[in-house]
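File shown: coords.txt (compact mmCIF, C-alpha atoms).
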```
# COMPACT_ATOMS: atom_id res chain seq x y z
CA MET A 1 0.00 0.00 0.00
CA ASN A 2 1.07 3.56 -0.67
CA PRO A 3 2.58 4.68 2.71
CA TYR A 4 0.92 8.08 2.37
CA ARG A 5 -2.45 6.36 1.99
CA ALA A 6 -1.97 4.45 5.25
CA LEU A 7 -1.08 7.65 7.14
CA TYR A 8 -3.92 9.55 5.49
CA ARG A 9 -6.46 6.89 6.50
CA LEU A 10 -5.10 6.80 10.06
CA LEU A 11 -5.43 10.56 10.47
CA SER A 12 -8.89 10.50 8.90
CA VAL A 13 -10.20 7.88 11.32
CA ALA A 14 -8.46 9.44 14.35
CA GLY A 15 -9.70 12.94 13.60
CA ARG A 16 -13.28 12.20 12.58
CA PRO A 17 -14.78 12.37 16.13
CA PHE A 18 -13.13 15.78 16.69
CA GLY A 19 -13.93 17.39 13.36
CA GLY A 20 -10.59 16.57 11.80
CA ILE A 21 -6.93 16.81 12.71
CA ARG A 22 -5.49 20.35 12.57
CA PRO A 23 -4.24 21.92 10.43
CA ARG A 24 -6.81 20.63 7.97
CA ARG A 25 -4.60 21.45 5.02
CA LEU A 26 -2.63 18.37 6.12
CA TYR A 27 -5.41 16.29 4.57
CA ASP A 28 -4.96 18.12 1.28
CA VAL A 29 -1.23 17.47 1.21
CA LEU A 30 -1.52 13.81 2.20
CA GLY A 31 -4.64 13.23 0.14
CA ARG A 32 -2.95 14.15 -3.13
CA LYS A 33 0.06 11.95 -2.28
CA ALA A 34 -2.14 9.06 -1.16
CA TYR A 35 -4.43 9.32 -4.19
CA PRO A 36 -2.38 10.57 -7.17
CA ARG A 37 -5.35 10.05 -9.50
CA PRO A 38 -9.14 10.13 -8.98
CA GLU A 39 -10.65 6.93 -7.56
CA PHE A 40 -14.38 7.16 -6.95
CA ALA A 41 -16.71 5.35 -4.57
CA TRP A 42 -20.11 6.03 -3.05
CA HIS A 43 -20.08 7.69 0.39
CA ARG A 44 -22.85 8.87 2.68
CA ASN A 45 -22.50 12.30 4.29
CA ARG A 46 -23.70 13.20 7.78
CA TRP A 47 -27.02 14.42 6.39
CA GLY A 48 -27.76 11.02 4.83
CA ALA A 49 -27.08 11.84 1.16
CA GLU A 50 -25.11 9.43 -1.03
CA LEU A 51 -22.38 10.99 -3.17
CA TYR A 52 -19.86 9.60 -5.66
CA LEU A 53 -16.58 10.95 -4.29
CA SER A 54 -12.82 10.73 -4.63
CA HIS A 55 -10.17 11.49 -1.99
CA TYR A 56 -8.27 13.13 -4.84
CA TYR A 57 -10.45 16.27 -4.72
CA HIS A 58 -10.57 18.91 -1.98
CA ILE A 59 -14.35 19.17 -1.61
CA ASP A 60 -14.79 15.40 -1.82
CA ARG A 61 -12.15 14.86 0.89
CA ASN A 62 -13.95 17.17 3.26
CA ILE A 63 -17.21 15.27 2.81
CA ILE A 64 -15.55 11.87 3.23
CA ILE A 65 -13.41 12.83 6.24
CA LEU A 66 -15.57 15.39 8.06
CA GLY A 67 -19.02 14.24 7.01
CA CYS A 68 -19.87 17.31 4.94
CA TYR A 69 -18.42 20.35 3.22
CA ASP A 70 -19.10 23.67 4.98
CA GLN A 71 -20.95 22.61 8.11
CA ASP A 72 -22.04 26.19 8.91
CA LEU A 73 -23.93 26.38 5.63
CA HIS A 74 -25.57 23.00 6.19
CA GLN A 75 -26.64 24.11 9.66
CA ALA A 76 -28.13 27.27 8.15
CA LEU A 77 -30.18 25.11 5.77
CA GLU A 78 -31.41 23.08 8.76
CA HIS A 79 -32.74 26.28 10.34
CA LEU A 80 -34.12 27.92 7.22
CA VAL A 81 -35.56 25.29 4.86
CA LYS A 82 -39.05 24.06 5.73
CA PRO A 83 -41.38 21.55 4.02
CA GLY A 84 -43.01 22.99 0.92
CA MET A 85 -40.37 25.62 0.25
CA VAL A 86 -38.92 26.33 -3.20
CA CYS A 87 -35.14 26.79 -3.15
CA PHE A 88 -32.49 27.57 -5.77
CA ASP A 89 -28.90 26.36 -5.51
CA VAL A 90 -26.94 28.62 -7.87
CA GLY A 91 -23.48 27.19 -8.42
CA ALA A 92 -24.51 23.80 -7.09
CA ASN A 93 -21.22 22.00 -7.81
CA LEU A 94 -21.68 18.27 -7.09
CA GLY A 95 -24.95 18.97 -5.29
CA GLU A 96 -24.36 18.32 -1.61
CA MET A 97 -26.25 21.46 -0.57
CA ALA A 98 -29.00 20.89 -3.14
CA LEU A 99 -29.56 17.36 -1.83
CA HIS A 100 -29.88 18.70 1.70
CA MET A 101 -32.34 21.38 0.59
CA ALA A 102 -34.44 18.84 -1.29
CA ALA A 103 -34.61 16.50 1.70
CA LEU A 104 -35.70 19.38 3.97
CA ALA A 105 -38.22 20.86 1.50
CA GLY A 106 -39.82 17.44 1.06
CA PRO A 107 -42.17 16.23 -1.66
CA THR A 108 -44.33 19.36 -1.47
CA GLY A 109 -41.31 21.58 -2.09
CA ALA A 110 -38.88 21.96 -4.97
CA VAL A 111 -35.18 22.64 -5.49
CA HIS A 112 -33.63 23.91 -8.73
CA ALA A 113 -29.87 23.31 -8.85
CA PHE A 114 -27.76 25.23 -11.40
CA GLU A 115 -24.32 23.99 -12.46
CA PRO A 116 -22.87 24.93 -15.87
CA VAL A 117 -19.55 22.98 -15.77
CA PRO A 118 -20.15 19.86 -17.91
CA ALA A 119 -18.26 17.23 -15.86
CA VAL A 120 -19.44 18.64 -12.53
CA TYR A 121 -23.03 18.79 -13.77
CA GLU A 122 -22.81 15.07 -14.60
CA ARG A 123 -22.08 14.27 -10.96
CA LEU A 124 -24.84 16.62 -9.80
CA ALA A 125 -27.36 14.81 -12.03
CA MET A 126 -26.03 11.43 -10.89
CA HIS A 127 -26.48 12.40 -7.24
CA ALA A 128 -30.02 13.65 -7.79
CA GLU A 129 -30.97 10.33 -9.39
CA ARG A 130 -29.11 8.17 -6.85
CA ASN A 131 -30.83 9.80 -3.88
CA GLY A 132 -34.33 9.43 -5.30
CA LEU A 133 -35.39 13.05 -4.85
CA PRO A 134 -37.93 13.87 -7.59
CA ASN A 135 -38.28 17.39 -6.18
CA LEU A 136 -34.63 18.14 -7.12
CA ARG A 137 -34.17 19.42 -10.67
CA PRO A 138 -30.61 19.91 -11.98
CA HIS A 139 -30.02 22.48 -14.72
CA GLN A 140 -26.84 22.74 -16.79
CA LEU A 141 -27.16 26.48 -16.79
CA ALA A 142 -25.51 29.63 -15.43
CA LEU A 143 -27.64 32.41 -13.96
CA SER A 144 -26.33 35.85 -14.89
CA ASN A 145 -27.44 39.28 -16.17
CA ARG A 146 -28.29 38.15 -19.68
CA THR A 147 -29.84 35.20 -21.48
CA GLY A 148 -27.81 33.46 -24.18
CA ARG A 149 -24.40 31.85 -24.53
CA CYS A 150 -21.43 32.93 -22.44
CA SER A 151 -17.85 31.87 -21.80
CA LEU A 152 -17.11 29.98 -18.60
CA ALA A 153 -13.64 29.36 -17.17
CA TYR A 154 -13.31 26.09 -15.27
CA ALA A 155 -10.69 23.73 -13.87
CA GLU A 156 -9.06 20.74 -15.50
CA ALA A 157 -10.01 17.30 -14.14
CA SER A 158 -6.56 17.13 -12.53
CA ALA A 159 -7.21 20.26 -10.40
CA ASP A 160 -7.65 19.73 -6.67
CA ASN A 161 -10.59 22.14 -6.38
CA GLN A 162 -13.33 21.68 -8.96
CA GLY A 163 -15.45 24.46 -7.47
CA LEU A 164 -13.68 27.54 -8.86
CA ALA A 165 -15.48 27.91 -12.20
CA SER A 166 -16.37 31.51 -12.97
CA LEU A 167 -17.97 33.72 -15.59
CA VAL A 168 -15.85 36.67 -14.46
CA ASN A 169 -12.67 35.56 -12.66
CA THR A 170 -11.22 33.90 -15.74
CA ALA A 171 -7.54 34.86 -15.39
CA GLN A 172 -6.72 32.73 -12.35
CA PRO A 173 -4.45 29.76 -13.21
CA ALA A 174 -6.79 27.30 -11.46
CA VAL A 175 -9.39 27.68 -14.24
CA SER A 176 -7.46 27.12 -17.45
CA LEU A 177 -10.26 25.57 -19.54
CA ARG A 178 -13.04 27.42 -21.40
CA ALA A 179 -16.51 26.37 -22.49
CA GLU A 180 -19.44 28.13 -24.08
CA VAL A 181 -22.41 27.47 -21.80
CA ASN A 182 -26.05 28.44 -21.63
CA ALA A 183 -26.93 31.35 -19.38
CA MET A 184 -30.20 32.93 -18.30
CA THR A 185 -31.29 35.75 -16.09
CA LEU A 186 -33.07 34.73 -12.93
CA ASP A 187 -36.14 36.64 -14.12
CA ASP A 188 -36.19 34.77 -17.45
CA PHE A 189 -35.81 31.40 -15.72
CA VAL A 190 -38.62 32.16 -13.27
CA SER A 191 -40.84 33.14 -16.19
CA ARG A 192 -39.91 30.12 -18.33
CA GLU A 193 -40.43 27.61 -15.52
CA GLN A 194 -43.51 29.41 -14.18
CA VAL A 195 -42.03 29.52 -10.68
CA ARG A 196 -44.78 30.62 -8.30
CA ARG A 197 -42.71 31.00 -5.12
CA LEU A 198 -39.05 31.30 -4.21
CA ASP A 199 -38.08 31.10 -0.55
CA LEU A 200 -34.30 30.64 -0.45
CA MET A 201 -31.31 30.92 -2.76
CA LYS A 202 -27.82 29.60 -2.03
CA VAL A 203 -25.39 31.42 -4.30
CA ASP A 204 -21.76 30.40 -4.89
CA ILE A 205 -20.70 31.75 -8.29
CA GLN A 206 -17.17 33.13 -7.86
CA GLY A 207 -17.67 36.85 -8.35
CA ALA A 208 -20.74 36.88 -10.60
CA GLU A 209 -23.12 37.73 -7.74
CA ILE A 210 -23.80 41.28 -8.94
CA ALA A 211 -24.64 39.99 -12.42
CA LEU A 212 -27.09 37.53 -10.83
CA LEU A 213 -28.75 40.33 -8.85
CA GLU A 214 -28.99 42.51 -11.97
CA GLY A 215 -30.75 39.72 -13.82
CA GLY A 216 -33.14 38.93 -10.98
CA ARG A 217 -34.47 42.31 -9.93
CA GLN A 218 -38.14 41.43 -10.49
CA SER A 219 -37.95 37.99 -8.89
CA LEU A 220 -36.06 39.22 -5.85
CA ALA A 221 -38.55 42.05 -5.41
CA GLY A 222 -41.59 39.84 -5.94
CA PHE A 223 -40.58 36.78 -3.90
CA SER A 224 -38.10 38.27 -1.39
CA PRO A 225 -36.17 35.02 -0.98
CA ASP A 226 -33.53 34.73 1.71
CA LEU A 227 -30.00 34.53 0.27
CA LEU A 228 -26.99 32.55 1.44
CA MET A 229 -23.83 33.69 -0.31
CA GLU A 230 -20.09 34.26 -0.16
CA ILE A 231 -18.39 37.66 -0.33
CA SER A 232 -15.07 37.22 -2.12
CA PRO A 233 -13.28 40.49 -2.97
CA ALA A 234 -10.79 38.77 -5.31
CA ASP A 235 -13.57 37.28 -7.43
CA LEU A 236 -15.68 40.45 -7.35
CA GLY A 237 -12.63 42.47 -8.37
CA ALA A 238 -12.28 40.42 -11.55
CA ALA A 239 -15.69 41.80 -12.58
CA GLY A 240 -14.75 45.38 -11.70
CA HIS A 241 -16.61 45.39 -8.38
CA ASN A 242 -15.74 45.11 -4.70
CA SER A 243 -17.33 43.86 -1.49
CA ARG A 244 -18.85 47.25 -0.65
CA ASP A 245 -20.51 47.35 -4.09
CA LEU A 246 -22.15 43.96 -3.47
CA CYS A 247 -23.32 44.89 0.03
CA ARG A 248 -24.69 48.21 -1.21
CA MET A 249 -26.61 46.52 -4.01
CA LEU A 250 -28.09 43.99 -1.60
CA GLU A 251 -29.20 46.82 0.68
CA ASP A 252 -30.67 48.68 -2.29
CA TYR A 253 -32.72 45.56 -2.97
CA GLY A 254 -34.03 45.73 0.62
CA TYR A 255 -31.79 43.10 2.21
CA ALA A 256 -30.11 43.16 5.61
CA ILE A 257 -26.85 41.19 5.65
CA TYR A 258 -25.59 39.05 8.54
CA ARG A 259 -22.61 36.87 9.19
CA ILE A 260 -23.47 33.24 9.76
CA LYS A 261 -22.39 31.76 13.09
CA ARG A 262 -23.12 28.11 13.80
CA GLY A 263 -25.82 28.19 11.16
CA ARG A 264 -27.66 31.25 12.50
CA PRO A 265 -27.54 35.00 11.83
CA GLY A 266 -24.69 36.63 13.74
CA THR A 267 -23.55 40.24 13.61
CA ARG A 268 -24.99 42.51 10.98
CA ILE A 269 -22.86 43.77 8.09
CA THR A 270 -23.55 47.14 6.46
CA ALA A 271 -22.21 48.56 3.20
CA SER A 272 -21.16 51.77 4.92
CA ALA A 273 -19.03 49.87 7.46
CA VAL A 274 -17.26 47.29 5.28
CA THR A 275 -14.03 47.88 3.42
CA PRO A 276 -13.85 47.20 -0.33
CA GLY A 277 -11.72 44.15 0.50
CA PHE A 278 -14.11 42.70 3.09
CA SER A 279 -14.35 38.91 2.89
CA ALA A 280 -16.84 36.44 4.33
CA THR A 281 -17.25 32.73 3.61
CA ASN A 282 -20.98 32.78 4.28
CA VAL A 283 -23.47 35.59 4.79
CA TYR A 284 -27.22 35.50 5.28
CA CYS A 285 -29.26 38.17 3.47
CA THR A 286 -32.89 38.65 4.38
CA LYS A 287 -35.76 41.10 4.27
CA HIS A 288 -37.47 39.41 7.19
CA VAL A 289 -35.24 39.62 10.28
CA PRO A 290 -35.71 42.95 12.09
CA SER A 291 -32.40 44.83 12.19
CA SER A 292 -32.95 45.65 15.85
CA GLN A 293 -32.37 41.99 16.73
CA GLN A 294 -28.73 42.09 15.65
CA PRO A 295 -25.87 44.47 16.49
CA VAL A 296 -24.10 46.21 13.63
CA ALA A 297 -20.57 44.94 12.99
CA ASN A 298 -17.60 47.16 12.36
CA SER A 299 -15.52 46.13 9.37
CA PRO A 300 -12.40 44.17 10.28
```

Can the structure in the file be given as structure tokens, please?
Amino acid sequence: MNPYRALYRLLSVAGRPFGGIRPRRLYDVLGRKAYPRPEFAWHRNRWGAELYLSHYYHIDRNIIILGCYDQDLHQALEHLVKPGMVCFDVGANLGEMALHMAALAGPTGAVHAFEPVPAVYERLAMHAERNGLPNLRPHQLALSNRTGRCSLAYAEASADNQGLASLVNTAQPAVSLRAEVNAMTLDDFVSREQVRRLDLMKVDIQGAEIALLEGGRQSLAGFSPDLLMEISPADLGAAGHNSRDLCRMLEDYGYAIYRIKRGRPGTRITASAVTPGFSATNVYCTKHVPSSQQPVANSP
């Protein structure tokens, strides 16, 4: 056996009860040495979903070793998604979050999962079928500020992180491949699919968040869905924007923005207080939580 594989497995088993051995990047280093090429098998995450995963990839490793990828975001879904809700997962990747949403929304709800990268979409569709969730509908589609064809930058199959595809941050070395993909505005998709309610959107689209908001003005005004999203100044900068621009646009749309702490709204973030380079892995944007319930955060 590859000696790195034996050490990697030992650390994985030893660290699982404690949420992983620190520093967690140790798994990335050992994982690539232990698995120099993708080897896939079915694994069940802590939320009960079955996924076809390889220790070769960063996101997959987290799910296999720690039980899920981004526990804070999963906990937020547990608090927010109720039976009968309609949710969108924009930038669904392999679909772990979409599967969780679909299980929580139940047969009376619906989840639309959007993933434009061809190979990643294949795994998303495979996971939807494997888990027997008829209320989960995958779409090989990007949501943006226009409807038509657009150029997408995405990673080679050999790249450790398959979740960096972007419509805007195309110069980074991690996304060396290009594909022409279908894109739609949120408003056009809602009209085409005759969506009658929209309760929650998880958005992870590597800097194209402002384009999504521009293309969804009517839907966001009409449905007022809660939003779960990342604020990444590097990705936003590739589109000529910054973190303050995104926060200001969200506020203009009527949203209050909160950090997420253990799956719940934490301190409030305001456009006037954040720096252009402000970064947050997960924020919760809502029109429904009274601002008086949360203190306003100063920008770090």

Name the residues within 12 Å of (-38.1, 41.9, -4.5), counting all atoms listed in the file in the file's coordinates, and put them as an mmCIF file with C-alpha atoms, keeping the file's coordinate frame.
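Dumped everything to result.cif:
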```cif
data_model
loop_
_atom_site.group_PDB
_atom_site.id
_atom_site.type_symbol
_atom_site.label_atom_id
_atom_site.label_comp_id
_atom_site.auth_asym_id
_atom_site.auth_seq_id
_atom_site.Cartn_x
_atom_site.Cartn_y
_atom_site.Cartn_z
ATOM 1 C CA ASP A 187 -36.140 36.640 -14.120
ATOM 2 C CA ARG A 197 -42.710 31.000 -5.120
ATOM 3 C CA LEU A 198 -39.050 31.300 -4.210
ATOM 4 C CA ASP A 199 -38.080 31.100 -0.550
ATOM 5 C CA LEU A 213 -28.750 40.330 -8.850
ATOM 6 C CA GLU A 214 -28.990 42.510 -11.970
ATOM 7 C CA GLY A 216 -33.140 38.930 -10.980
ATOM 8 C CA ARG A 217 -34.470 42.310 -9.930
ATOM 9 C CA GLN A 218 -38.140 41.430 -10.490
ATOM 10 C CA SER A 219 -37.950 37.990 -8.890
ATOM 11 C CA LEU A 220 -36.060 39.220 -5.850
ATOM 12 C CA ALA A 221 -38.550 42.050 -5.410
ATOM 13 C CA GLY A 222 -41.590 39.840 -5.940
ATOM 14 C CA PHE A 223 -40.580 36.780 -3.900
ATOM 15 C CA SER A 224 -38.100 38.270 -1.390
ATOM 16 C CA PRO A 225 -36.170 35.020 -0.980
ATOM 17 C CA ASP A 226 -33.530 34.730 1.710
ATOM 18 C CA LEU A 227 -30.000 34.530 0.270
ATOM 19 C CA LEU A 250 -28.090 43.990 -1.600
ATOM 20 C CA GLU A 251 -29.200 46.820 0.680
ATOM 21 C CA ASP A 252 -30.670 48.680 -2.290
ATOM 22 C CA TYR A 253 -32.720 45.560 -2.970
ATOM 23 C CA GLY A 254 -34.030 45.730 0.620
ATOM 24 C CA TYR A 255 -31.790 43.100 2.210
ATOM 25 C CA THR A 286 -32.890 38.650 4.380
ATOM 26 C CA LYS A 287 -35.760 41.100 4.270
ATOM 27 C CA HIS A 288 -37.470 39.410 7.190
#
```

Report task. Choose the residue, out of A:Arg123, A:Arg130, A:His139, A:Arg5, that has the smallest atom-to-atom separation from A:Gln162; count only C-alpha atoms. Result -> A:Arg123

Query raised in the report: A:Leu124, A:Leu136, A:Val203, A:Ile231: which is nearest A:Ala103, counting all atoms listed in the file?
Result: A:Leu136

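Distances to A:Gly67 were evaluated for A:His43, A:Arg196, A:Arg178, A:Arg244 using all atoms listed in the file, and the minimum falls at A:His43.
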
Report task. Identify, on the basis of all atoms listed in the file, every residue whose closest approach to stretch 93-101 of chain A does not exceed 9 Å; exclude the query and any residue fewer than 2 positions from it along the same chain; express the result as a ChimeraX atom specification. Result -> /A:45,47-52,63,68-69,73-74,77-78,81-82,87-91,103-106,110-117,120-128,131,133,136,138,162-163,202,204

Just C-alpha atoms for this one: save the residues we selected as a PDB file, keeping the file's coordinate frame.
```
ATOM      1  CA  ASN A  45     -22.500  12.300   4.290  1.00  0.00           C
ATOM      2  CA  TRP A  47     -27.020  14.420   6.390  1.00  0.00           C
ATOM      3  CA  GLY A  48     -27.760  11.020   4.830  1.00  0.00           C
ATOM      4  CA  ALA A  49     -27.080  11.840   1.160  1.00  0.00           C
ATOM      5  CA  GLU A  50     -25.110   9.430  -1.030  1.00  0.00           C
ATOM      6  CA  LEU A  51     -22.380  10.990  -3.170  1.00  0.00           C
ATOM      7  CA  TYR A  52     -19.860   9.600  -5.660  1.00  0.00           C
ATOM      8  CA  ILE A  63     -17.210  15.270   2.810  1.00  0.00           C
ATOM      9  CA  CYS A  68     -19.870  17.310   4.940  1.00  0.00           C
ATOM     10  CA  TYR A  69     -18.420  20.350   3.220  1.00  0.00           C
ATOM     11  CA  LEU A  73     -23.930  26.380   5.630  1.00  0.00           C
ATOM     12  CA  HIS A  74     -25.570  23.000   6.190  1.00  0.00           C
ATOM     13  CA  LEU A  77     -30.180  25.110   5.770  1.00  0.00           C
ATOM     14  CA  GLU A  78     -31.410  23.080   8.760  1.00  0.00           C
ATOM     15  CA  VAL A  81     -35.560  25.290   4.860  1.00  0.00           C
ATOM     16  CA  LYS A  82     -39.050  24.060   5.730  1.00  0.00           C
ATOM     17  CA  CYS A  87     -35.140  26.790  -3.150  1.00  0.00           C
ATOM     18  CA  PHE A  88     -32.490  27.570  -5.770  1.00  0.00           C
ATOM     19  CA  ASP A  89     -28.900  26.360  -5.510  1.00  0.00           C
ATOM     20  CA  VAL A  90     -26.940  28.620  -7.870  1.00  0.00           C
ATOM     21  CA  GLY A  91     -23.480  27.190  -8.420  1.00  0.00           C
ATOM     22  CA  ALA A 103     -34.610  16.500   1.700  1.00  0.00           C
ATOM     23  CA  LEU A 104     -35.700  19.380   3.970  1.00  0.00           C
ATOM     24  CA  ALA A 105     -38.220  20.860   1.500  1.00  0.00           C
ATOM     25  CA  GLY A 106     -39.820  17.440   1.060  1.00  0.00           C
ATOM     26  CA  ALA A 110     -38.880  21.960  -4.970  1.00  0.00           C
ATOM     27  CA  VAL A 111     -35.180  22.640  -5.490  1.00  0.00           C
ATOM     28  CA  HIS A 112     -33.630  23.910  -8.730  1.00  0.00           C
ATOM     29  CA  ALA A 113     -29.870  23.310  -8.850  1.00  0.00           C
ATOM     30  CA  PHE A 114     -27.760  25.230 -11.400  1.00  0.00           C
ATOM     31  CA  GLU A 115     -24.320  23.990 -12.460  1.00  0.00           C
ATOM     32  CA  PRO A 116     -22.870  24.930 -15.870  1.00  0.00           C
ATOM     33  CA  VAL A 117     -19.550  22.980 -15.770  1.00  0.00           C
ATOM     34  CA  VAL A 120     -19.440  18.640 -12.530  1.00  0.00           C
ATOM     35  CA  TYR A 121     -23.030  18.790 -13.770  1.00  0.00           C
ATOM     36  CA  GLU A 122     -22.810  15.070 -14.600  1.00  0.00           C
ATOM     37  CA  ARG A 123     -22.080  14.270 -10.960  1.00  0.00           C
ATOM     38  CA  LEU A 124     -24.840  16.620  -9.800  1.00  0.00           C
ATOM     39  CA  ALA A 125     -27.360  14.810 -12.030  1.00  0.00           C
ATOM     40  CA  MET A 126     -26.030  11.430 -10.890  1.00  0.00           C
ATOM     41  CA  HIS A 127     -26.480  12.400  -7.240  1.00  0.00           C
ATOM     42  CA  ALA A 128     -30.020  13.650  -7.790  1.00  0.00           C
ATOM     43  CA  ASN A 131     -30.830   9.800  -3.880  1.00  0.00           C
ATOM     44  CA  LEU A 133     -35.390  13.050  -4.850  1.00  0.00           C
ATOM     45  CA  LEU A 136     -34.630  18.140  -7.120  1.00  0.00           C
ATOM     46  CA  PRO A 138     -30.610  19.910 -11.980  1.00  0.00           C
ATOM     47  CA  GLN A 162     -13.330  21.680  -8.960  1.00  0.00           C
ATOM     48  CA  GLY A 163     -15.450  24.460  -7.470  1.00  0.00           C
ATOM     49  CA  LYS A 202     -27.820  29.600  -2.030  1.00  0.00           C
ATOM     50  CA  ASP A 204     -21.760  30.400  -4.890  1.00  0.00           C
TER      51      ASP A 204
END
```

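For the atom pair formed by atom CA of A:Ile21 and atom CA of A:Leu7, the distance is 12.2 Å, given to one decimal.
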
Requested in this report: Could you check how far atom CA of A:Pro17 sits from atom CA of A:Asp60, in Å to one decimal?
Outcome: 18.2 Å

**Report entry** For A:Leu26: contacts at 12 Å, all atoms listed in the file, fewer than 3 positions along chain excluded, given as a PyMOL selection string
**Finding:** chain A and resi 4+7-8+11-12+15+20-23+29-34+58+61-62

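With all atoms listed in the file as the atoms that count, the residue of A:Ile205, A:Leu143, A:Leu236, A:Ala153 with the shortest distance to A:Phe189 is A:Leu143.
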
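Pairwise distance (atom CA of A:Phe278, atom CA of A:Pro233) equals 6.5 Å.
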
Six-sided padding of 3 Å per side, axis-aligned box over stretch 162-179 of chain A, centre and edges in Å, one decimal, as AutoDock Vina command-line options:
```
--center_x -11.2 --center_y 29.2 --center_z -15.0 --size_x 19.5 --size_y 21.0 --size_z 21.0
```

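Distance check against A:Met201 using only C-alpha atoms: of A:Met229, A:Ala183, A:Cys247, A:Ala165, the minimum falls on A:Met229.
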
Report task. Give me the residues within 10 Å of A:Met184 as a PyMOL selection string, counting all atoms listed in the file and dropping any in the same chain fewer than 5 places off. Result -> chain A and resi 141-150+189-190+212+215-216

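Among the candidates A:Gly84, A:Ala271, A:Arg24, A:Leu177, the residue lying nearest to A:Asp245 is A:Ala271 (atoms considered: all atoms listed in the file).
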
Between stretch 36-123 of chain A and stretch 260-269 of chain A, at 6 Å or less, what are the per-residue closest atom pairs and their distances in Å? Count all atoms listed in the file, order by chain and rising residue number, and return it as CSV.
```
residue,atom,partner,partner_atom,distance
A:Asp72,CA,A:Gly263,CA,4.8
A:Gln75,CA,A:Gly263,CA,4.4
A:Ala76,CA,A:Gly263,CA,3.9
```
